[in-house]
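Report on one structure; see the data block that follows.
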Amino acid sequence: MQPTPLHACPVAVIGMAARFAGADDVESYWTNLVGCVESVSRPDGAGTVPDGGGEGRRVRAVAKVAGIETFDADHFRVPPAEAVTMDPQQRVLLEVASAALEDAGYGGRRDAVVGVFVGSGENHYFREYVAPTEARAGRGGDVRITLANEKDFLAPRLAFKLGLTGPAITVQTGCATALSAVALACASLVAGDCDIALAGGVSLLMPDVDGYDFTEGGILSADGRCRAFDAEATGTVPGSGAGIVVLRRDADAQAGRDRRRAVIRGWAVNNDGGSRAGFTVPNIDGQEAVIRTALARADTAPDQVGYIEAHGTGTAIGDPVEFEALRRVFATPERQPRSITLGAVKPNIGHTDAAAGIAGLIKATLAVERAVLPGTLHFRSPNPEIDLDATPFTVTAETRAWDAEGPRVAGVSSFGLGGSNAHVVVESVPVVPAADAARPRQVLALSARSDDELERMRQRLADRLASAPSLDLPALADTAHTLAVGRARFPRRWAAVAADGAEAVVLLRAPTRAGRPVTRWSLVLHGTPDELAATGERLLAAEPLLGPEVAELREAAGLAGQPGLTGLSPHQAGALTALGVARILRRLGMTFSRIDAPDWVRPVARWLGDGADPAALAAALAACTGDDAGSFRERAGEIRVGPLFDLSEAVATAWRAGVAIDWAAYYGDEPRGRVPLPTYPFTRRRFWLERPEVQQAPAGVAPGGPGGATSTAAAIEQVWCEVLGVPSIAHDAHFVDDLGGDSLYAVEIGARLNSALGLDTPVDLPFIAPTIAASAAFLDQNLVMETSV
């Protein structure tokens with residue numbers, strides 16, 4: 001008997017990323033869906049071999065993700081030798097997962113425990129490329145090859161490379177893999193195992209695959225087109241794809257002002273068991289049960305659902321079975337005809353196997369969010385085994401608006417060969433407007449690994465802001481907040497301060513150079529007492545961080561009782577302004593090796609530098625006399641607090657110069673949200689083996705090159721290069737931080753060096769001496785010691 005589930009704690013979808021045929025991101029995917037675009041490649045233009053007959057006919061039609069041969073290995077610190085043998089499914093999903101976290105606004109530092117639940121399709125690359133290459137080279141049993149290709153390590157690799165500390169579970173249920181992963185992620189969030197979860201899947205076809213052999217009665221289409229629920233349907237088309245959604249308990253997402261794309265109200269997974277004709281035959285009862293369970297968990301009546309994103313394979317058995325299960329659940333006596341739309345994404349992008357469920361969920365999430373129902377491609381008339389007129393269902397080939405009196409509710413189904421079933425109930429949520437901005441101007445801060453990537457990042461953000469329907473100050477503040485707290489930090493920096501969206505676009509598109517690092521900072525206080533007092537009044541009105549600092553300083557000096565700088569002399573007000581700003585800058589992450597100040601404010605500058613003992617503040621303020629503004633020559637690497645001081649500009653300057661600004665402290669208690677923005681512009685390179693049938697495995701690089709090693713450092717570099725698969729390595733490059741080395745590479749390097757040099761040094765030498773220079777010094781010392789003995 002199917003158990004009755006408890007009502008679920010709602011789970012918000014706060015981010016997503018994807019790559020499907022014809023679409024490198026979610027927005028392109030959605031554009032193709034609403035435009036009813038078929039993203040199936042047909043090398044001969046028609047999809048089949050002319051006059052090919054029936055059984056065994058070659059059908060030249062597949063839906064492939066483009067560019068899977070390339071990967072940004074440097075971004076994820078993956079050595080080239082590992083990248084070229086790694087399952088491209090793991091590489092693509094790593095990039096997609098990183099983009100999804102950024103889309104949610106959690107790509108940077110975070111306190112949340114993040115889990116990952118993902119699965120993949122068949123690893124064609126290992127079977128067709130890696131294994132034959134290794135065999136021809138006389139290698140076998142390399143644990144590194146295993147780690148780079150086994151499905152078991154898919155989720156752990158994402159957790160390791162993205163710094164995720166929650167459960168990392170690889171989920172495998174055939175075609176139901178990705179949606180089952182979503183269900184498990186929701187259950188983990190509700191159980192408190194993690195605070196945020198990534199869920200999804202990937203399945204990739206090889207770049208040179210151009211079709212398939214048609215088999216009568218099989219699941220693949222006779223003419224290279226998937227026609228879900230249509231009278232002319234003969235099966236599905238092979239497809240590729242990768243997708244990830246970022247999930248969070250809805251109460252937490254609301255409290256954190258996350259962008260809630262939709263809310264998952266209920267979910268369920270089950271299996272058909274043994275009550276069916278064969279292992280791969282779908283079962284009506286099992287599918288009906290999983291849908292009813294998900295609805296019960298969602299506390300949602302069937303009549304509330306307005307759209308079903310079906311599994312929809314277009315097969316002779318699958319579609320009628322799925323439709324009957326849906327009819328049993330949703331054809332209630334109260335339901336009006338044509339009141340629930342049935343759709344399927346496989347006609348657009350093919351059957352993406354382990355990623356099929358996430359393709360459907362992302363489509364349904366965008367549909368409930370944007371109140372649009374994409375048309376079902378290739379649908380003309382219903383399958384004769386499906387009686388649409390006797391049910392409340394309708395299938396439309398045209399995209400149309402989704403009109404609903406209450407929340408828009410959709411169901412998403414995914415069914416796997418072997419009887420695994422998954423269903424998720426998704427509901428729309430009200431749009432929450434951005435809170436008022438606490439500051440009149442916002443700091444837009446970007447960082448990247450290279451100047452080229454930084455420039456691409458700027459232009460992509462400018463394009464996004466320019467295309468926004470409106471970008472008022474509150475929306476710009478959320479954009480700035482997301483860039484600050486929701487992105488990882490890299491060495492190449494850019495920052496600017498803008499008062500509105502139009503100014504932000506101009507600044508982003510203006511020619512500029514990336515900031516250069518500054519290692520030593522000085523703080524310069526300048527201006528007369530009246531000037532600094534006026535600066536304080538201006539900052540108190542525009543800068544929310546200064547008020548609490550001034551209040552704390554007034555209390556320490558025995559001047560509490562009135563707000564802000566009220567009732568203070570110009571000397572006291574100016575001195576407290578200088579102190580308050582200096583303390584804010586320190587809290588934001590700045591340290592000063594030098595403090596310059598005019599004579600009148602020098603006592604509080606000394607107080608600040610001597611450790612800021614609260615008991616001595618009153619005496620320091622009393623010693624602030626005179627009116628000399630001071631005269632200081634401007635130098636690089638200084639923050640000047642005076643009549644024109646602007647904290648936002650100072651923060652932008654510090655960020656450009658490499659300061660690790662504490663953005664959480666900068667925004668304080670301001671109720672800022674996280675919004676979807678362009679994600680990191682990866683710089684991909686080709687990492688791909690040739691098919692062994694066409695080209696022999698590449699010969700290894702001869703140790704030492706043409707002339708051989710001429711020094712200990714040169715010998716070490718040669719071994720590192722051979723093991724890591726790179727042509728050269730800087731001698732100060734860090735084995736882990738810069739090159740992505742791990743214990744397996746370290747042990748091989750140590751063993752090779754011991755064998756080549758005849759030493760008995762630690763086999764984990766790259767961890768003990770993590771640069772070539774350090775290892776050379778270690779080995780040279782070891783050689784000297786052995787010689788002296």
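By convention here, the chains of the structure tokens are called A, B, ... in the order presented, each chain's residues are numbered starting at 1, and ligands are numbered starting at 1 in the order presented.
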Checklist line | Who sits within 12 Å of A:Asp195, only C-alpha atoms, same chain under 5 positions skipped, as a PyMOL selection string | finding: chain A and resi 11-12+106+110-116+164-167+185-190+246-253+256
Check: Where does DSSP see strand (DSSP E) in stretch 74-249 of chain A, if you list the residues as a ChimeraX atom specification?
Finding: /A:114-120,168-170,196-203,212-213,241-249
Using only C-alpha atoms, which protein or nucleic acid residues come within 7 Å of stretch 495-512 of chain A? Drop anything in the same chain fewer than 4 positions from it, and give the result as a PDB file with C-alpha atoms, in the first residue's frame.
ATOM      1  CA  PRO A 440      22.187  57.028  -2.887  1.00  0.00           C
ATOM      2  CA  ARG A 441      25.032  55.441  -4.897  1.00  0.00           C
ATOM      3  CA  GLN A 442      25.974  51.783  -5.310  1.00  0.00           C
ATOM      4  CA  VAL A 443      29.333  50.032  -5.655  1.00  0.00           C
ATOM      5  CA  LEU A 444      29.467  47.631  -8.603  1.00  0.00           C
ATOM      6  CA  ALA A 445      32.407  45.301  -7.935  1.00  0.00           C
ATOM      7  CA  LEU A 446      33.708  42.650 -10.329  1.00  0.00           C
ATOM      8  CA  ARG A 458      31.764  43.942 -17.744  1.00  0.00           C
ATOM      9  CA  GLN A 459      30.204  43.872 -21.192  1.00  0.00           C
ATOM     10  CA  ALA A 462      26.242  46.091 -19.208  1.00  0.00           C
ATOM     11  CA  LEU A 465      21.387  46.094 -17.302  1.00  0.00           C
ATOM     12  CA  ALA A 466      20.723  47.873 -20.592  1.00  0.00           C
ATOM     13  CA  LEU A 471      16.587  49.541 -13.162  1.00  0.00           C
ATOM     14  CA  ASP A 472      15.773  51.978 -10.405  1.00  0.00           C
ATOM     15  CA  LEU A 473      17.990  52.549  -7.373  1.00  0.00           C
ATOM     16  CA  LEU A 476      20.563  48.549  -8.758  1.00  0.00           C
ATOM     17  CA  SER A 648      31.373  54.124  -1.550  1.00  0.00           C
ATOM     18  CA  GLU A 649      34.219  55.562  -3.634  1.00  0.00           C
ATOM     19  CA  ALA A 652      35.536  50.846  -4.771  1.00  0.00           C
ATOM     20  CA  TRP A 655      38.423  46.696  -4.063  1.00  0.00           C
ATOM     21  CA  ARG A 656      40.189  47.616  -7.299  1.00  0.00           C
TER      22      ARG A 656
END
Checklist line | All residues 7 Å or closer to stretch 522-535 of chain A, only C-alpha atoms, same chain fewer than 4 positions away omitted, as a VMD selection string | finding: chain A and resid 539 570 to 571 573 to 574 577 to 578 592 to 598 627 to 630 637 to 643
Residues from the last selection, N, CA, C and O atoms, saved as a compact mmCIF listing (two decimals), in the first residue's frame:
# COMPACT_ATOMS: atom_id res chain seq x y z
N LEU A 539 27.67 62.47 5.66
CA LEU A 539 27.77 61.01 5.68
C LEU A 539 26.68 60.37 6.53
O LEU A 539 26.18 59.29 6.20
N PRO A 570 32.55 71.84 16.72
CA PRO A 570 33.13 71.40 15.45
C PRO A 570 34.33 70.49 15.63
O PRO A 570 34.52 69.54 14.86
N HIS A 571 35.19 70.79 16.65
CA HIS A 571 36.35 69.94 16.88
C HIS A 571 35.92 68.51 17.26
O HIS A 571 36.46 67.53 16.75
N ALA A 573 32.91 67.09 16.70
CA ALA A 573 32.18 66.46 15.59
C ALA A 573 33.14 66.02 14.49
O ALA A 573 33.02 64.92 13.95
N GLY A 574 34.11 66.88 14.14
CA GLY A 574 35.07 66.52 13.09
C GLY A 574 35.94 65.35 13.50
O GLY A 574 36.22 64.45 12.68
N THR A 577 33.92 62.17 13.43
CA THR A 577 33.71 61.75 12.05
C THR A 577 34.93 61.00 11.53
O THR A 577 34.82 59.92 10.93
N ALA A 578 36.11 61.56 11.76
CA ALA A 578 37.34 60.91 11.31
C ALA A 578 37.51 59.55 11.95
O ALA A 578 37.86 58.56 11.29
N PHE A 592 45.98 49.82 7.96
CA PHE A 592 46.79 50.98 7.62
C PHE A 592 48.13 50.91 8.33
O PHE A 592 48.20 50.74 9.55
N SER A 593 49.17 51.04 7.52
CA SER A 593 50.51 51.05 8.10
C SER A 593 50.93 52.44 8.54
O SER A 593 51.93 52.59 9.24
N ARG A 594 50.15 53.44 8.17
CA ARG A 594 50.51 54.82 8.49
C ARG A 594 49.23 55.65 8.56
O ARG A 594 48.29 55.45 7.79
N ILE A 595 49.18 56.59 9.53
CA ILE A 595 48.05 57.52 9.65
C ILE A 595 48.62 58.94 9.69
O ILE A 595 49.42 59.26 10.57
N ASP A 596 48.21 59.76 8.73
CA ASP A 596 48.62 61.16 8.70
C ASP A 596 47.42 62.03 9.05
O ASP A 596 46.28 61.73 8.64
N ALA A 597 47.67 63.14 9.80
CA ALA A 597 46.58 64.00 10.21
C ALA A 597 47.12 65.38 10.52
O ALA A 597 48.28 65.53 10.94
N PRO A 598 46.31 66.45 10.36
CA PRO A 598 46.74 67.79 10.78
C PRO A 598 46.86 67.86 12.31
O PRO A 598 46.34 66.99 13.03
N ASP A 627 42.91 74.98 14.14
CA ASP A 627 42.09 74.90 12.92
C ASP A 627 42.90 74.53 11.69
O ASP A 627 42.41 74.65 10.57
N ASP A 628 44.13 74.12 11.83
CA ASP A 628 44.97 73.80 10.68
C ASP A 628 44.38 72.61 9.90
O ASP A 628 44.13 71.55 10.46
N ALA A 629 44.14 72.81 8.58
CA ALA A 629 43.56 71.74 7.77
C ALA A 629 44.58 70.69 7.39
O ALA A 629 44.22 69.56 7.03
N GLY A 630 45.86 71.02 7.43
CA GLY A 630 46.89 70.07 7.03
C GLY A 630 47.10 70.10 5.52
O GLY A 630 46.20 70.44 4.75
N GLY A 637 48.01 54.33 -2.87
CA GLY A 637 47.77 53.46 -1.74
C GLY A 637 47.34 54.19 -0.48
O GLY A 637 47.71 53.77 0.62
N GLU A 638 46.57 55.25 -0.64
CA GLU A 638 46.09 55.94 0.55
C GLU A 638 44.60 56.24 0.42
O GLU A 638 44.06 56.39 -0.67
N ILE A 639 43.94 56.28 1.57
CA ILE A 639 42.54 56.67 1.65
C ILE A 639 42.50 58.03 2.36
O ILE A 639 43.00 58.16 3.48
N ARG A 640 41.91 59.01 1.71
CA ARG A 640 41.89 60.37 2.23
C ARG A 640 40.50 60.68 2.77
O ARG A 640 39.50 60.67 2.03
N VAL A 641 40.42 60.96 4.08
CA VAL A 641 39.16 61.29 4.74
C VAL A 641 39.15 62.79 4.96
O VAL A 641 39.88 63.30 5.81
N GLY A 642 38.33 63.48 4.17
CA GLY A 642 38.28 64.94 4.26
C GLY A 642 36.96 65.45 3.76
O GLY A 642 35.95 64.72 3.73
N PRO A 643 36.92 66.72 3.32
CA PRO A 643 35.64 67.33 2.91
C PRO A 643 34.93 66.61 1.78
O PRO A 643 33.71 66.63 1.70
Note to self: Taking only C-alpha atoms into account, name the residue in A:Gly411, A:Pro469, A:Pro474, A:Pro302 that is nearest to A:Val424.
What the structure shows: A:Gly411
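With only C-alpha atoms as the atoms that count, the residue of A:Ala541, A:Ala410, A:Ala364, A:Val651 with the shortest distance to A:Asp303 is A:Ala410.
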Checklist line | Residues near stretch 80-85 of chain A, cut-off 8 Å, only C-alpha atoms, skip fewer than 5 positions along chain, as a list in words | finding: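 The contact residues come out as Phe71, Ala73, Arg91, Phe126, Val130, Arg144, Ile145, Ala148, Asn149, Phe687, Trp688, Leu689, Val723, Leu724, Gly725 and Val726 of chain A.
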Next item on the list: For atom CA of A:Phe735 and atom CA of A:Ala660, quote the distance in Å rounded to one decimal.
Entry: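 So the answer is 23.7 Å.
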